[in-house]
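Read the structure below first, then the notes.
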Amino acid sequence: MGSIPSVLEHLTIPTPFNVGPVHIFWLKGEDGWTLVDTGPKTPDALICIERFMQTHKFGFGDIARIVLTHQHVDHSGLAAFVAEKSGASILAHEGAIPYIERDPEFMDWHHEFFRRLYRENGVPEEMLTTVERFQEMMDMYADPALIHGTLADGDGLPGHPDWRTVYTPGHTQNHIALYCEADGLMLSGDFLIKEISSNAFIEPALVREAERPKPLLVYRDTLYRIASMPIKRMLSAHGSEIDDPRGLIQFRLQRQEERATRIAMLLAEGPLTVFELSAHLFPKVYKKEMPLTFSEILGHLDLLERNERVQRVECDGIIRYKNQGK
Ligand SMILES: [Zn+2]
């Protein structure tokens with residue numbers, strides 16, 4: 001006897017961020033509702049959730065669990081509140097735990113990592129306050145929440161035998177998606193977004209002092225892996241439905257190579273720091289959106305470095321990248 005397929009609903013929630021509204025998903029299964037992402041901790045987001053529950057005639061007590069695709073506040077902000085109200089358990093990839101629980105030792109290392117990274121890549125001293133602003137934003141839009149269980153690649157989704165976890169690192173190192181094989185349908189979080197390229201964010205290693213993951217390289221490996229799956233449709237957390245995931249993945253991979261080539265060309269005129277490159281490539285936003293533009297440039301430099309097209313040169317504690325002439 002087959003089990004009853006889960007019922008899927010979506011809810012679009014406004015966010016105060018440039019990315020625009022976030023879609024969260026509701027799966028009705030054997031033991032109640034599973035909420036996939038929660039939206040940010042804002043009064044508007046909470047009103048949206050409460051209205052949704054009223055329309056569908058259920059209450060907080062009917063939410064069995066919350067799955068977080070990754071730690072970003074537009075996805076995880078209300079997790080603590082909803083879990084508290086409902087008694088639901090919170091599930092995420094194990095790599096998301098120190099962020100979502102706001103482990104103080106990890107957060108110290110996180111800030112130390114970024115201060116050093118920014119400094120050695122040419123960011124002026126007065127702009128290092130970006131590191132503190134990141135913490136302030138986290139505190140403003142998300143309460144720390146306890147993770148009750150972890151989801152790793154291939155794990156079934158409790159309460160929903162038709163859904164399983166797919167580990168999709170790149171946008172963050174702890175990103176997971178949910179996949180319903182019978183429908184070829186993936187809830188893809190920020191892994192792939194139709195209208196904009198998903199940023200592969202620089203993050204420190206989870207263990208203090210270990211080498212940082214190279215997010216764009218990790219992301220590209222995930223893109224290749226997911227392209228080989230028979231996925232028909234993706235519902236992502238931002239933007240519209242993706243009905244040709246493989247085509248979009250090919251397009252994203254190609255755009256990354258083009259951007260890398262553009263950076264290599266800029267470096268043909270002489271060595272530059274990551275910060276100088278961001279000013280060249282993103283003159284309007286590089287100061288305001290530094291974590292974003294910085295990740296974008298450094299990620300592509302990792303790719304160029306792996307392909308031996310650029311080389312890192314260090315002088316007086318500042319790293320510059322130079323074109324290898326290949
Ligand atoms: Zn995100």
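Chain labels run A, B, ... following the order of the structure tokens; each chain numbers its residues from 1, and ligands are numbered from 1 in the order shown.
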
All residues 10 Å or closer to Asn121 (chain A), only C-alpha atoms, same chain fewer than 6 positions away omitted, as a PDB file with all heavy atoms, in the first residue's frame:
```
ATOM      1  N   LEU A 272      45.407  43.409  -8.718  1.00  0.00           N
ATOM      2  CA  LEU A 272      44.418  44.159  -7.934  1.00  0.00           C
ATOM      3  C   LEU A 272      43.988  43.328  -6.728  1.00  0.00           C
ATOM      4  O   LEU A 272      44.073  42.096  -6.745  1.00  0.00           O
ATOM      5  CB  LEU A 272      43.175  44.472  -8.784  1.00  0.00           C
ATOM      6  CG  LEU A 272      43.318  45.438  -9.966  1.00  0.00           C
ATOM      7  CD1 LEU A 272      42.048  45.411 -10.821  1.00  0.00           C
ATOM      8  CD2 LEU A 272      43.603  46.861  -9.493  1.00  0.00           C
ATOM      9  N   THR A 273      43.490  44.031  -5.700  1.00  0.00           N
ATOM     10  CA  THR A 273      42.914  43.327  -4.547  1.00  0.00           C
ATOM     11  C   THR A 273      41.450  42.996  -4.850  1.00  0.00           C
ATOM     12  O   THR A 273      40.855  43.554  -5.785  1.00  0.00           O
ATOM     13  CB  THR A 273      42.932  44.207  -3.279  1.00  0.00           C
ATOM     14  OG1 THR A 273      42.087  45.342  -3.514  1.00  0.00           O
ATOM     15  CG2 THR A 273      44.331  44.677  -2.926  1.00  0.00           C
ATOM     16  N   VAL A 274      40.860  42.145  -4.008  1.00  0.00           N
ATOM     17  CA  VAL A 274      39.430  41.832  -4.148  1.00  0.00           C
ATOM     18  C   VAL A 274      38.616  43.121  -4.019  1.00  0.00           C
ATOM     19  O   VAL A 274      37.670  43.357  -4.778  1.00  0.00           O
ATOM     20  CB  VAL A 274      38.975  40.810  -3.075  1.00  0.00           C
ATOM     21  CG1 VAL A 274      37.465  40.606  -3.128  1.00  0.00           C
ATOM     22  CG2 VAL A 274      39.689  39.481  -3.246  1.00  0.00           C
ATOM     23  N   PHE A 275      39.013  43.974  -3.083  1.00  0.00           N
ATOM     24  CA  PHE A 275      38.267  45.209  -2.861  1.00  0.00           C
ATOM     25  C   PHE A 275      38.333  46.125  -4.088  1.00  0.00           C
ATOM     26  O   PHE A 275      37.321  46.684  -4.512  1.00  0.00           O
ATOM     27  CB  PHE A 275      38.805  45.926  -1.616  1.00  0.00           C
ATOM     28  CG  PHE A 275      37.986  47.119  -1.221  1.00  0.00           C
ATOM     29  CD1 PHE A 275      36.708  46.959  -0.706  1.00  0.00           C
ATOM     30  CD2 PHE A 275      38.486  48.408  -1.381  1.00  0.00           C
ATOM     31  CE1 PHE A 275      35.939  48.060  -0.351  1.00  0.00           C
ATOM     32  CE2 PHE A 275      37.717  49.511  -1.028  1.00  0.00           C
ATOM     33  CZ  PHE A 275      36.453  49.337  -0.514  1.00  0.00           C
ATOM     34  N   GLU A 276      39.526  46.240  -4.684  1.00  0.00           N
ATOM     35  CA  GLU A 276      39.656  47.075  -5.894  1.00  0.00           C
ATOM     36  C   GLU A 276      38.837  46.497  -7.050  1.00  0.00           C
ATOM     37  O   GLU A 276      38.194  47.231  -7.798  1.00  0.00           O
ATOM     38  CB  GLU A 276      41.141  47.181  -6.294  1.00  0.00           C
ATOM     39  CG  GLU A 276      41.934  48.066  -5.342  1.00  0.00           C
ATOM     40  CD  GLU A 276      43.453  47.844  -5.423  1.00  0.00           C
ATOM     41  OE1 GLU A 276      43.905  46.820  -5.980  1.00  0.00           O
ATOM     42  OE2 GLU A 276      44.183  48.702  -4.900  1.00  0.00           O
ATOM     43  N   PHE A 294      31.887  41.085  -2.386  1.00  0.00           N
ATOM     44  CA  PHE A 294      33.140  40.453  -1.983  1.00  0.00           C
ATOM     45  C   PHE A 294      33.102  38.946  -2.271  1.00  0.00           C
ATOM     46  O   PHE A 294      34.036  38.368  -2.825  1.00  0.00           O
ATOM     47  CB  PHE A 294      33.348  40.709  -0.484  1.00  0.00           C
ATOM     48  CG  PHE A 294      34.766  40.628  -0.056  1.00  0.00           C
ATOM     49  CD1 PHE A 294      35.577  41.748  -0.101  1.00  0.00           C
ATOM     50  CD2 PHE A 294      35.302  39.435   0.391  1.00  0.00           C
ATOM     51  CE1 PHE A 294      36.900  41.683   0.297  1.00  0.00           C
ATOM     52  CE2 PHE A 294      36.619  39.355   0.790  1.00  0.00           C
ATOM     53  CZ  PHE A 294      37.421  40.480   0.745  1.00  0.00           C
ATOM     54  N   LEU A 298      35.600  37.128  -4.896  1.00  0.00           N
ATOM     55  CA  LEU A 298      36.524  36.131  -4.357  1.00  0.00           C
ATOM     56  C   LEU A 298      36.171  34.729  -4.872  1.00  0.00           C
ATOM     57  O   LEU A 298      37.054  33.926  -5.178  1.00  0.00           O
ATOM     58  CB  LEU A 298      36.509  36.187  -2.821  1.00  0.00           C
ATOM     59  CG  LEU A 298      37.606  35.431  -2.084  1.00  0.00           C
ATOM     60  CD1 LEU A 298      38.989  35.703  -2.645  1.00  0.00           C
ATOM     61  CD2 LEU A 298      37.582  35.755  -0.597  1.00  0.00           C
ATOM     62  N   GLU A 314      51.284  38.170  -2.238  1.00  0.00           N
ATOM     63  CA  GLU A 314      51.086  38.858  -0.972  1.00  0.00           C
ATOM     64  C   GLU A 314      52.235  39.823  -0.728  1.00  0.00           C
ATOM     65  O   GLU A 314      53.401  39.482  -0.923  1.00  0.00           O
ATOM     66  CB  GLU A 314      51.005  37.827   0.159  1.00  0.00           C
ATOM     67  CG  GLU A 314      50.326  38.398   1.381  1.00  0.00           C
ATOM     68  CD  GLU A 314      50.133  37.369   2.482  1.00  0.00           C
ATOM     69  OE1 GLU A 314      49.890  36.191   2.175  1.00  0.00           O
ATOM     70  OE2 GLU A 314      50.243  37.779   3.654  1.00  0.00           O
ATOM     71  N   GLY A 317      51.199  42.059   3.918  1.00  0.00           N
ATOM     72  CA  GLY A 317      49.936  41.580   4.495  1.00  0.00           C
ATOM     73  C   GLY A 317      48.721  41.799   3.606  1.00  0.00           C
ATOM     74  O   GLY A 317      47.602  41.493   4.005  1.00  0.00           O
ATOM     75  N   ILE A 318      48.905  42.345   2.402  1.00  0.00           N
ATOM     76  CA  ILE A 318      47.775  42.568   1.486  1.00  0.00           C
ATOM     77  C   ILE A 318      47.902  41.616   0.291  1.00  0.00           C
ATOM     78  O   ILE A 318      48.969  41.495  -0.315  1.00  0.00           O
ATOM     79  CB  ILE A 318      47.746  44.035   0.972  1.00  0.00           C
ATOM     80  CG1 ILE A 318      47.629  45.041   2.129  1.00  0.00           C
ATOM     81  CG2 ILE A 318      46.616  44.250  -0.042  1.00  0.00           C
ATOM     82  CD1 ILE A 318      46.308  45.036   2.868  1.00  0.00           C
ATOM     83  N   ILE A 319      46.776  40.955  -0.017  1.00  0.00           N
ATOM     84  CA  ILE A 319      46.780  39.998  -1.132  1.00  0.00           C
ATOM     85  C   ILE A 319      46.294  40.686  -2.408  1.00  0.00           C
ATOM     86  O   ILE A 319      45.270  41.368  -2.402  1.00  0.00           O
ATOM     87  CB  ILE A 319      45.868  38.793  -0.811  1.00  0.00           C
ATOM     88  CG1 ILE A 319      46.399  38.030   0.409  1.00  0.00           C
ATOM     89  CG2 ILE A 319      45.739  37.862  -2.018  1.00  0.00           C
ATOM     90  CD1 ILE A 319      45.409  37.071   1.017  1.00  0.00           C
ATOM     91  N   ARG A 320      47.065  40.502  -3.478  1.00  0.00           N
ATOM     92  CA  ARG A 320      46.619  40.961  -4.801  1.00  0.00           C
ATOM     93  C   ARG A 320      46.600  39.761  -5.732  1.00  0.00           C
ATOM     94  O   ARG A 320      47.324  38.789  -5.510  1.00  0.00           O
ATOM     95  CB  ARG A 320      47.562  42.038  -5.349  1.00  0.00           C
ATOM     96  CG  ARG A 320      47.409  43.355  -4.640  1.00  0.00           C
ATOM     97  CD  ARG A 320      48.146  44.505  -5.311  1.00  0.00           C
ATOM     98  NE  ARG A 320      47.708  45.757  -4.717  1.00  0.00           N
ATOM     99  CZ  ARG A 320      48.062  46.185  -3.505  1.00  0.00           C
ATOM    100  NH1 ARG A 320      48.883  45.473  -2.757  1.00  0.00           N
ATOM    101  NH2 ARG A 320      47.590  47.325  -3.031  1.00  0.00           N
ATOM    102  N   TYR A 321      45.762  39.849  -6.744  1.00  0.00           N
ATOM    103  CA  TYR A 321      45.694  38.763  -7.719  1.00  0.00           C
ATOM    104  C   TYR A 321      46.297  39.242  -9.021  1.00  0.00           C
ATOM    105  O   TYR A 321      46.055  40.371  -9.443  1.00  0.00           O
ATOM    106  CB  TYR A 321      44.241  38.325  -7.920  1.00  0.00           C
ATOM    107  CG  TYR A 321      43.715  37.546  -6.738  1.00  0.00           C
ATOM    108  CD1 TYR A 321      43.241  38.207  -5.604  1.00  0.00           C
ATOM    109  CD2 TYR A 321      43.726  36.149  -6.735  1.00  0.00           C
ATOM    110  CE1 TYR A 321      42.775  37.491  -4.507  1.00  0.00           C
ATOM    111  CE2 TYR A 321      43.266  35.432  -5.649  1.00  0.00           C
ATOM    112  CZ  TYR A 321      42.789  36.105  -4.537  1.00  0.00           C
ATOM    113  OH  TYR A 321      42.339  35.396  -3.457  1.00  0.00           O
TER     114      TYR A 321
END
```

Would you give me, as a Markdown table, each residue of chain A having an atom within 8 Å of an atom of ligand 1, along with its shortest atom pair and that distance in Å to one decimal, using only C-alpha atoms and all ligand atoms and sorting by chain and residue number?
```
| residue | atom | partner | partner_atom_place_in_ligand_line | distance |
| --- | --- | --- | --- | --- |
| A:His70 | CA | ligand 1 | 1 (Zn) | 6.8 |
| A:Gln71 | CA | ligand 1 | 1 (Zn) | 7.3 |
| A:His72 | CA | ligand 1 | 1 (Zn) | 4.9 |
| A:Val73 | CA | ligand 1 | 1 (Zn) | 7.8 |
| A:Asp74 | CA | ligand 1 | 1 (Zn) | 7.1 |
| A:His75 | CA | ligand 1 | 1 (Zn) | 7.1 |
| A:His171 | CA | ligand 1 | 1 (Zn) | 6.6 |
| A:Thr172 | CA | ligand 1 | 1 (Zn) | 7.2 |
| A:Gly189 | CA | ligand 1 | 1 (Zn) | 7.6 |
| A:Asp190 | CA | ligand 1 | 1 (Zn) | 5.4 |
```

Could you write out the selected residues, including C-alpha atoms, as a PDB file, in the first residue's frame?
```
ATOM      1  CA  HIS A  70      19.755  27.365   5.345  1.00  0.00           C
ATOM      2  CA  GLN A  71      20.604  29.886   8.027  1.00  0.00           C
ATOM      3  CA  HIS A  72      19.830  33.209   6.306  1.00  0.00           C
ATOM      4  CA  VAL A  73      17.406  35.368   8.273  1.00  0.00           C
ATOM      5  CA  ASP A  74      14.834  35.718   5.472  1.00  0.00           C
ATOM      6  CA  HIS A  75      14.434  31.916   5.779  1.00  0.00           C
ATOM      7  CA  HIS A 171      24.806  29.551  -1.651  1.00  0.00           C
ATOM      8  CA  THR A 172      25.707  28.590   1.917  1.00  0.00           C
ATOM      9  CA  GLY A 189      15.433  27.284  -1.412  1.00  0.00           C
ATOM     10  CA  ASP A 190      18.125  29.693  -2.607  1.00  0.00           C
TER      11      ASP A 190
END
```

Near Pro245 (chain A), counting only C-alpha atoms, which residues have an atom at most 10 Å away, once you skip same-chain residues fewer than 4 positions from it, shown as a ChimeraX atom specification?
/A:186,192-194,223,226-227,229-234,241,249-251

Under the rule that only C-alpha atoms are counted, which of A:Ala64, A:Ile13, A:Ile97, A:Leu267 is the nearest residue to His238 (chain A)?
A:Ile13

Using the chain letters and numbers from this document, which residues of region 168-231 of chain A does DSSP assign to strand (DSSP E), as a PyMOL selection string?
chain A and resi 176-180+185-189

Show me, as an NGL selection string, the residues that have an atom within 9 Å of Arg208 (chain A) when counting only C-alpha atoms, minus same-chain residues fewer than 3 positions from it.
:A and (106 or 109-110 or 113 or 204-205 or 211)

Write the residues of the selection above to a file with N, CA, C and O atoms, as a compact mmCIF listing (two decimals), in the first residue's frame.
```
# COMPACT_ATOMS: atom_id res chain seq x y z
N PHE A 106 31.42 30.19 18.02
CA PHE A 106 31.45 30.20 16.56
C PHE A 106 31.30 31.62 16.02
O PHE A 106 32.00 32.02 15.09
N TRP A 109 34.50 33.48 16.19
CA TRP A 109 35.41 33.01 15.12
C TRP A 109 34.96 33.55 13.77
O TRP A 109 35.76 34.00 12.95
N HIS A 110 33.64 33.56 13.54
CA HIS A 110 33.05 34.07 12.31
C HIS A 110 33.49 35.52 12.08
O HIS A 110 33.97 35.89 11.00
N PHE A 113 37.25 35.82 11.51
CA PHE A 113 37.56 35.36 10.16
C PHE A 113 37.32 36.47 9.14
O PHE A 113 38.16 36.75 8.29
N PRO A 204 33.28 31.17 6.86
CA PRO A 204 34.43 30.51 7.49
C PRO A 204 34.17 29.01 7.58
O PRO A 204 33.02 28.58 7.49
N ALA A 205 35.23 28.23 7.77
CA ALA A 205 35.04 26.81 8.07
C ALA A 205 34.35 26.72 9.42
O ALA A 205 34.41 27.66 10.22
N GLU A 211 40.84 25.91 6.87
CA GLU A 211 40.79 26.70 5.63
C GLU A 211 39.34 26.92 5.20
O GLU A 211 38.51 26.02 5.34
```

One decimal, Å: what's the distance from CA of Leu292 (chain A) over to CA of Met107 (chain A), could you say?
18.9 Å

Gly87 (chain A) surroundings by only C-alpha atoms, 10 Å radius, close-in-sequence under 6 positions cut, as a PyMOL selection string
chain A and resi 60-65+81

Apply DSSP to the structure's backbone, then extract all residues of region 30-157 of chain A labelled alpha helix (DSSP H) and return them as a ChimeraX atom specification.
/A:43-55,73-76,79-86,97-100,104-120,130-141

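With CA of Ala96 (chain A) on one side and CA of Asn174 (chain A) on the other, the separation reads 5.5 Å.
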
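For the atom pair formed by CA of Glu258 (chain A) and CA of Gly239 (chain A), the distance is 23.4 Å, given to one decimal.
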
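Using only C-alpha atoms, the shortest contact distance between Ala237 (chain A) and any of A:Pro43, A:Ser6, A:Leu178, A:Val207 is found at A:Leu178.
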
Write out as a PyMOL selection string which residues come within 8 Å of Phe191 (chain A) when counting only C-alpha atoms, dropping same-chain ones fewer than 2 positions away.
chain A and resi 168-171+175+177+188-189+193+198+236

Limited to N, CA, C and O atoms, could you put the picked residues into a file as a short mmCIF file (atom, residue, chain, number, x, y, z; two decimals), in the first residue's frame?
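Output file selection-v2.cif is given in full below:
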```
data_model
loop_
_atom_site.label_atom_id
_atom_site.label_comp_id
_atom_site.auth_asym_id
_atom_site.auth_seq_id
_atom_site.Cartn_x
_atom_site.Cartn_y
_atom_site.Cartn_z
N THR A 168 22.60 20.60 -0.91
CA THR A 168 22.88 21.48 -2.06
C THR A 168 23.77 22.66 -1.65
O THR A 168 23.36 23.82 -1.72
N PRO A 169 24.99 22.39 -1.17
CA PRO A 169 25.84 23.49 -0.70
C PRO A 169 26.31 24.40 -1.84
O PRO A 169 26.41 23.96 -2.99
N GLY A 170 26.58 25.64 -1.49
CA GLY A 170 27.07 26.61 -2.48
C GLY A 170 26.63 28.00 -2.08
O GLY A 170 27.45 28.83 -1.68
N HIS A 171 25.33 28.26 -2.12
CA HIS A 171 24.81 29.55 -1.65
C HIS A 171 25.24 29.74 -0.19
O HIS A 171 25.73 30.80 0.19
N HIS A 175 23.32 24.44 2.89
CA HIS A 175 22.04 24.53 2.19
C HIS A 175 21.48 23.15 1.85
O HIS A 175 22.18 22.30 1.33
N ALA A 177 17.89 21.11 0.05
CA ALA A 177 16.64 21.22 -0.70
C ALA A 177 15.82 19.98 -0.37
O ALA A 177 16.35 19.01 0.18
N SER A 188 13.65 24.24 -3.75
CA SER A 188 15.10 24.43 -3.92
C SER A 188 15.68 25.58 -3.11
O SER A 188 16.87 25.87 -3.24
N GLY A 189 14.88 26.23 -2.27
CA GLY A 189 15.43 27.28 -1.41
C GLY A 189 16.13 28.35 -2.24
O GLY A 189 15.59 28.82 -3.25
N ILE A 193 17.70 30.36 -8.45
CA ILE A 193 16.61 31.33 -8.54
C ILE A 193 16.50 31.73 -10.01
O ILE A 193 17.52 31.94 -10.68
N SER A 198 22.12 33.15 -7.88
CA SER A 198 22.20 32.99 -6.43
C SER A 198 23.66 33.18 -6.02
O SER A 198 24.55 32.58 -6.61
N SER A 236 11.52 27.72 -5.96
CA SER A 236 12.58 28.29 -5.14
C SER A 236 12.00 29.29 -4.16
O SER A 236 10.82 29.63 -4.21
#
```

Compare A:His111, A:Thr293, A:Asp153, A:Glu269 by their minimum atom-to-atom distance to Phe134 (chain A), counting only C-alpha atoms, and give me the closest one.
A:His111

Residue nearest Thr69 (chain A) - candidates A:Gln173, A:Asn199, A:Ser240, A:Ser278, atoms counted: only C-alpha atoms
A:Gln173

Residues within 12 Å of Gly299 (chain A), only C-alpha atoms, excluding chain neighbours under 3 positions, as a tab-separated table (two decimals) with C-alpha atoms, in the first residue's frame:
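Contents of the output file around_21.tsv:
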```tsv
chain	number	residue	atom	x	y	z
A	170	GLY	CA	27.07	26.61	-2.48
A	171	HIS	CA	24.81	29.55	-1.65
A	199	ASN	CA	25.26	34.32	-4.61
A	200	ALA	CA	27.77	31.75	-3.34
A	201	PHE	CA	28.60	33.34	0.00
A	202	ILE	CA	32.05	33.24	1.55
A	203	GLU	CA	31.83	31.58	4.95
A	212	ARG	CA	37.66	28.40	4.28
A	213	PRO	CA	35.48	26.48	1.82
A	214	LYS	CA	35.62	27.86	-1.74
A	215	PRO	CA	31.93	28.57	-2.21
A	216	LEU	CA	31.75	29.06	-5.98
A	217	LEU	CA	33.67	25.82	-6.59
A	218	VAL	CA	31.40	24.00	-4.14
A	219	TYR	CA	28.35	25.57	-5.80
A	220	ARG	CA	29.47	24.54	-9.29
A	256	GLN	CA	30.12	32.22	-14.04
A	257	GLU	CA	32.80	31.37	-16.60
A	259	ARG	CA	32.36	36.68	-15.28
A	260	ALA	CA	35.61	34.91	-14.35
A	263	ILE	CA	37.87	39.50	-13.96
A	274	VAL	CA	39.43	41.83	-4.15
A	278	SER	CA	34.66	45.02	-6.50
A	291	PRO	CA	29.59	40.94	1.78
A	292	LEU	CA	27.73	40.23	-1.47
A	293	THR	CA	30.17	41.79	-3.94
A	294	PHE	CA	33.14	40.45	-1.98
A	295	SER	CA	31.80	36.88	-2.16
A	296	GLU	CA	31.10	37.31	-5.84
A	302	ASP	CA	38.98	30.92	-6.53
A	303	LEU	CA	37.78	29.51	-9.86
A	304	LEU	CA	40.45	31.39	-11.84
A	305	GLU	CA	43.11	30.31	-9.36
A	306	ARG	CA	42.08	26.67	-9.63
```

Counting only C-alpha atoms, which residues of region 90-154 of chain A sit at most 12 Å from some atom of region 21-38 of chain A, and what is each one's closest atom pair with its distance in Å to one decimal, listed by chain and rising residue number, as a tab-separated table?
```
residue	atom	partner	partner_atom	distance
A:Ile90	CA	A:Leu35	CA	9.4
A:Leu91	CA	A:Val36	CA	9.6
A:Ala92	CA	A:Asp37	CA	9.9
A:Tyr141	CA	A:Thr38	CA	11.4
A:Ala142	CA	A:Thr38	CA	10.2
A:Asp143	CA	A:Thr38	CA	11.9
```
